[in-house]
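The next block holds one structure in the form of structure tokens; read it before the comments.
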Amino acid sequence: MRVTEEQTIITIGLKQLFIRKRSDALSERVRRLLVRTLYTQPTSLAIGAVNGIVSSAITAAVSGMPILFYACIALTFVAVARVTAAFGLSPDDTGTSTRKLEIIYEIGAFSYAFLIGAICAIAMVHDVGAAVEVLMMANALGYGIGICARNAGSPTIALGQLALVVAPILLAALLGNSPIVHAALIVNLVLLFPAMASITLNVHRVLRDSIASAEKSAELAEKMKILARTDVVTGLANRAGLDHQLADIMAKRTDDQMLAMFWMDLDRFKEVNDILGHTVGDELLRQVAERLTEQVPENAMIARFGGDEFIVVTEVKHRADCEMLAGLVQEEINRPYYVNEERISVGCSMGIALMPEDAQDLNELMQASDLALYHAKINGRNQASFFTPVMTRNLVRRKEIEAELRAAIQKDELSIFFQPIVDLESGRIRTFEALVRWFHPEKGELRPDEFIPVAEETGVIITLGNWITAQAAKACAQWPEDVTIAVNLSPLQIKAPGAALGILNALREAQLDPSRLELEVTESLFLDDSDVTGKFIEELSSKGVRFAMDDFGTGYSSLGYINKFPFKKIKVDRSFVSGDSANKKSEAIIHAVAEMGARLGMDIVAEGIETIEQVRSVRDLGCTLGQGYYFSRAVPDYLAAMLLAQEREGDNPLRKVG
């Protein structure tokens, strides 16, 4: 409790100190602006000086008195010095303090005011003539009254000048030999000072408040501008701030200067927000921003572009500098984070582009680095990728495939082929796996590895996957009831709203029993470990739909998923059966998986079987089902129906299994 109270007191004290400093800073700016008003009209100062010099010179000439000549010379010197200072000194010069400007002005103003008042008083005392006295009196009092308005920005100077003008005249009136006239003059002079003081102070107050209000408005406008360009979570520049700073960088850039743009995206950041909450996610972003600030060069520009994306722009000498900086940044970001005692690990995908090597302007630079980031992500994430022109061609190709694929689905240009999965004991077909084929009217057959990744990246896989499921269900409904259909599912398809309902509707329209549908999923589905996946599997399993683990052995934690979800079949990846890495260790792994499947009552499918020796090998190791070119390639629906018909008639067209 004591610690909390002390922290509260310290916090309040710091806030008060901050407010006081802000107030002091504002007061100083207001003072500076008020002092500026003293120097803003040097021309009027020069005109007043000329009037004073001429009037005092006439008085001295008419009177012939040496003292007035000396006073006129002194007045002339002060007037010239004041005008010179007014034209020479600038209140905008930050090297000259506000107080110094005030002192310089005060010395000149007070000296001039006293001298002009003294000349008028000497003329009155020595009775140099009514006309000359009126000339000096009008000049002196006019100057004193006028200066109160002109110098209202500094009441001390304005009223000080008036007092120094009036004081000698008042003394002369007290010594005069016309009691009634001089008494009236004394009364007028005494009343003049408070009247002008009231006017001066009111003008000063209005002027000060107006300047303060304008300063606050300007300060608020500047703060709003800064806030509009600053990311509230990390304190870095946001997208608007990025545009502003990039414009400044480009304005200062020389032709031989090389700029590098690093566009970064945090891998699996969405999981942090979904699992641990946005508060933890925001703190993680702040820590990432701090690490970036520590790693990049001091003059580099850093911005949070949005979400979990960051951009760094800095000058570099060589491409090797980019590689070194990219390595340092990735190493730093990959280090574990600790938020609320939670240990969090995220990776970083990075796209890098150089100017002028890869781009001639900002738009091209951003497009190039964004495209490089895209390639870094599709190539496995947590890596840095430099822009190359090939990326642009690939992107154009992908965009072309995306548009044509959408059109192909609508025009019914796609086909479903079926590859049999065979019982290794009897040689009979137990299942067909549905595989999509695309026969382009102009480009011929397009391989699935060309358009499936594009469909995954663009979201077209959702529409495509639903179409495949519906077509496969319709085909299976025409086959014998002991034959099932297997369909591969994409994680995006499963996580789409109403995914389970869409599959059940497809089964209902095809009038296919749910138990005859097998949905094959890979471990990538479970990387997010979200509730959506669990609910999807639970909902369909309760209706009788079966699930199979595809590409088993290529992930990291398949056993955990098998234990958690109701899989009925495991498909051993083809790399263990017929790939270059197939060896004695592979056989041991297949045997272990087959034994586990036997104990759990699961079918084990060996993929990629191409020879009779492989058939015998996987069967001896315990696999119950086989799939591969040895038995059959994927065939159209009518040939699949023909294979089943011939098998039922006893003329099995598939190769024997032993």
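FYI, nothing fancy with the structure tokens labels: chains A, B, ... in order, residues from 1 per chain, ligands from 1 as they appear.
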So that I can see what lies close to Gly281 (chain A), please list as a compact mmCIF listing (two decimals) with N, CA and C atoms, in the first residue's frame the residues with an atom at most 8 Å from it, counting only C-alpha atoms and leaving out residues fewer than 5 positions away in the same chain.
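Generated output (out-v7.txt):
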```
# COMPACT_ATOMS: atom_id res chain seq x y z
N PHE A 269 0.85 -13.57 -35.62
CA PHE A 269 0.45 -12.57 -34.63
C PHE A 269 -1.04 -12.68 -34.31
N VAL A 272 -1.89 -14.59 -31.29
CA VAL A 272 -1.67 -13.90 -30.02
C VAL A 272 -2.91 -13.12 -29.64
N ASN A 273 -3.47 -12.37 -30.60
CA ASN A 273 -4.69 -11.61 -30.32
C ASN A 273 -5.86 -12.51 -29.99
N LEU A 276 -4.63 -14.73 -26.50
CA LEU A 276 -4.24 -13.97 -25.30
C LEU A 276 -4.93 -12.62 -25.18
```
Compile the contact shell of region 454-468 of chain A as a CSV table (one decimal) with C-alpha atoms, in the first residue's frame: residues with an atom at most 10 Å away, counting only C-alpha atoms, same-chain residues fewer than 3 positions apart removed.
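Final file, out11.csv:
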```csv
chain,number,residue,atom,x,y,z
A,378,ILE,CA,4.3,-17.9,-49.5
A,397,ARG,CA,0.5,-14.9,-63.7
A,398,ARG,CA,-1.2,-15.5,-60.3
A,399,LYS,CA,-3.7,-12.7,-60.9
A,400,GLU,CA,-4.5,-14.1,-64.3
A,401,ILE,CA,-5.0,-17.6,-62.9
A,402,GLU,CA,-7.2,-16.2,-60.1
A,403,ALA,CA,-9.5,-14.4,-62.6
A,405,LEU,CA,-10.3,-19.9,-62.1
A,406,ARG,CA,-13.3,-17.9,-60.9
A,409,ILE,CA,-16.0,-22.4,-61.8
A,414,LEU,CA,-13.4,-27.9,-64.1
A,415,SER,CA,-13.7,-31.6,-63.8
A,416,ILE,CA,-13.4,-34.1,-60.9
A,434,ALA,CA,-11.7,-36.8,-55.5
A,435,LEU,CA,-9.1,-34.7,-57.3
A,436,VAL,CA,-9.9,-31.6,-59.3
A,448,PRO,CA,-3.3,-28.5,-59.6
A,449,ASP,CA,0.0,-27.2,-58.1
A,450,GLU,CA,-0.4,-24.2,-60.4
A,451,PHE,CA,-3.9,-23.1,-59.4
A,471,GLN,CA,-19.7,-33.0,-57.3
A,472,ALA,CA,-17.9,-35.8,-55.5
A,473,ALA,CA,-21.0,-36.5,-53.4
A,474,LYS,CA,-23.2,-36.7,-56.5
A,487,VAL,CA,-12.3,-35.2,-50.4
A,488,ASN,CA,-9.4,-32.9,-49.4
A,489,LEU,CA,-10.4,-29.9,-47.3
A,490,SER,CA,-8.5,-26.6,-47.1
A,491,PRO,CA,-8.1,-24.8,-43.7
A,492,LEU,CA,-9.7,-21.7,-45.3
A,493,GLN,CA,-12.7,-23.7,-46.4
A,494,ILE,CA,-13.2,-25.2,-42.9
A,495,LYS,CA,-13.0,-21.8,-41.2
A,496,ALA,CA,-15.4,-20.2,-43.6
A,499,ALA,CA,-18.7,-24.6,-43.6
A,502,GLY,CA,-22.5,-26.4,-46.6
A,503,ILE,CA,-21.1,-29.9,-46.6
A,506,ALA,CA,-24.2,-31.1,-50.4
```
> Quick one: distance from CA of Gly534 (chain A) to CA of Leu507 (chain A) in Å, one decimal?
Replying inline: 20.6 Å
>> I'd like the neighbourhood of Met355 (chain A) as a ChimeraX atom specification, where a residue qualifies if any of its atoms comes within 6 Å (using only C-alpha atoms), though same-chain residues fewer than 2 positions away should be ignored.
In response: /A:258-259,357-359
Would you save the residues from that selection as a PDB file, in the first residue's frame, using N, CA and C atoms?
```
ATOM      1  N   MET A 258      21.291   5.601 -52.193  1.00  0.00           N
ATOM      2  CA  MET A 258      20.532   4.358 -52.257  1.00  0.00           C
ATOM      3  C   MET A 258      19.657   4.220 -51.009  1.00  0.00           C
ATOM      4  N   LEU A 259      18.368   4.010 -51.244  1.00  0.00           N
ATOM      5  CA  LEU A 259      17.417   3.809 -50.145  1.00  0.00           C
ATOM      6  C   LEU A 259      16.940   2.365 -50.137  1.00  0.00           C
ATOM      7  N   GLU A 357      17.596   0.808 -57.651  1.00  0.00           N
ATOM      8  CA  GLU A 357      17.782  -0.483 -58.322  1.00  0.00           C
ATOM      9  C   GLU A 357      16.458  -1.122 -58.707  1.00  0.00           C
ATOM     10  N   ASP A 358      15.473  -1.079 -57.787  1.00  0.00           N
ATOM     11  CA  ASP A 358      14.201  -1.768 -58.018  1.00  0.00           C
ATOM     12  C   ASP A 358      13.054  -0.817 -58.321  1.00  0.00           C
ATOM     13  N   ALA A 359      13.245   0.476 -58.068  1.00  0.00           N
ATOM     14  CA  ALA A 359      12.141   1.423 -58.228  1.00  0.00           C
ATOM     15  C   ALA A 359      12.693   2.815 -58.489  1.00  0.00           C
TER      16      ALA A 359
END
```
>> List the spatial neighbours of Ile119 (chain A) as a ChimeraX atom specification - criterion: any atom at most 9 Å away, only C-alpha atoms, same-chain residues fewer than 4 positions off excluded.
In response: /A:56,59-60,67-68,71-72,114-115,123-124,136,140,168-169
>> Could you tell me how far CA of Ala173 (chain A) sits from CA of Ala195 (chain A), in Å to one decimal place?
In response: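 So the answer is 19.9 Å.
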> From the list A:Lys100, A:His182, A:Arg304, A:Lys252, which residue is nearest Arg286 (chain A) when using only C-alpha atoms?
Replying inline: A:Arg304
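Residues of region 246-305 of chain A carrying a DSSP assignment of strand (DSSP E or B), computed from the backbone, are A:Met258, A:Leu259, A:Ala260, A:Met261, A:Phe262, A:Trp263, A:Met264, A:Asp265, A:Leu266, A:Asp267, A:Met301, A:Ile302, A:Ala303, A:Arg304, A:Phe305.
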Write to file, as an mmCIF file, in the first residue's frame, the residues of the selection just made, with C-alpha atoms.
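Writing the result to out33.cif gives the following:
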```cif
data_model
loop_
_atom_site.group_PDB
_atom_site.id
_atom_site.type_symbol
_atom_site.label_atom_id
_atom_site.label_comp_id
_atom_site.auth_asym_id
_atom_site.auth_seq_id
_atom_site.Cartn_x
_atom_site.Cartn_y
_atom_site.Cartn_z
ATOM 1 C CA MET A 258 20.532 4.358 -52.257
ATOM 2 C CA LEU A 259 17.417 3.809 -50.145
ATOM 3 C CA ALA A 260 16.213 0.483 -48.801
ATOM 4 C CA MET A 261 12.665 -0.297 -47.747
ATOM 5 C CA PHE A 262 12.074 -3.212 -45.384
ATOM 6 C CA TRP A 263 8.427 -4.290 -45.217
ATOM 7 C CA MET A 264 7.847 -6.671 -42.299
ATOM 8 C CA ASP A 265 4.925 -8.821 -41.230
ATOM 9 C CA LEU A 266 4.790 -10.663 -37.904
ATOM 10 C CA ASP A 267 4.100 -14.379 -38.369
ATOM 11 C CA MET A 301 12.382 5.979 -40.594
ATOM 12 C CA ILE A 302 10.182 3.416 -38.804
ATOM 13 C CA ALA A 303 6.428 3.134 -39.180
ATOM 14 C CA ARG A 304 3.658 0.764 -38.241
ATOM 15 C CA PHE A 305 1.823 0.369 -41.501
#
```
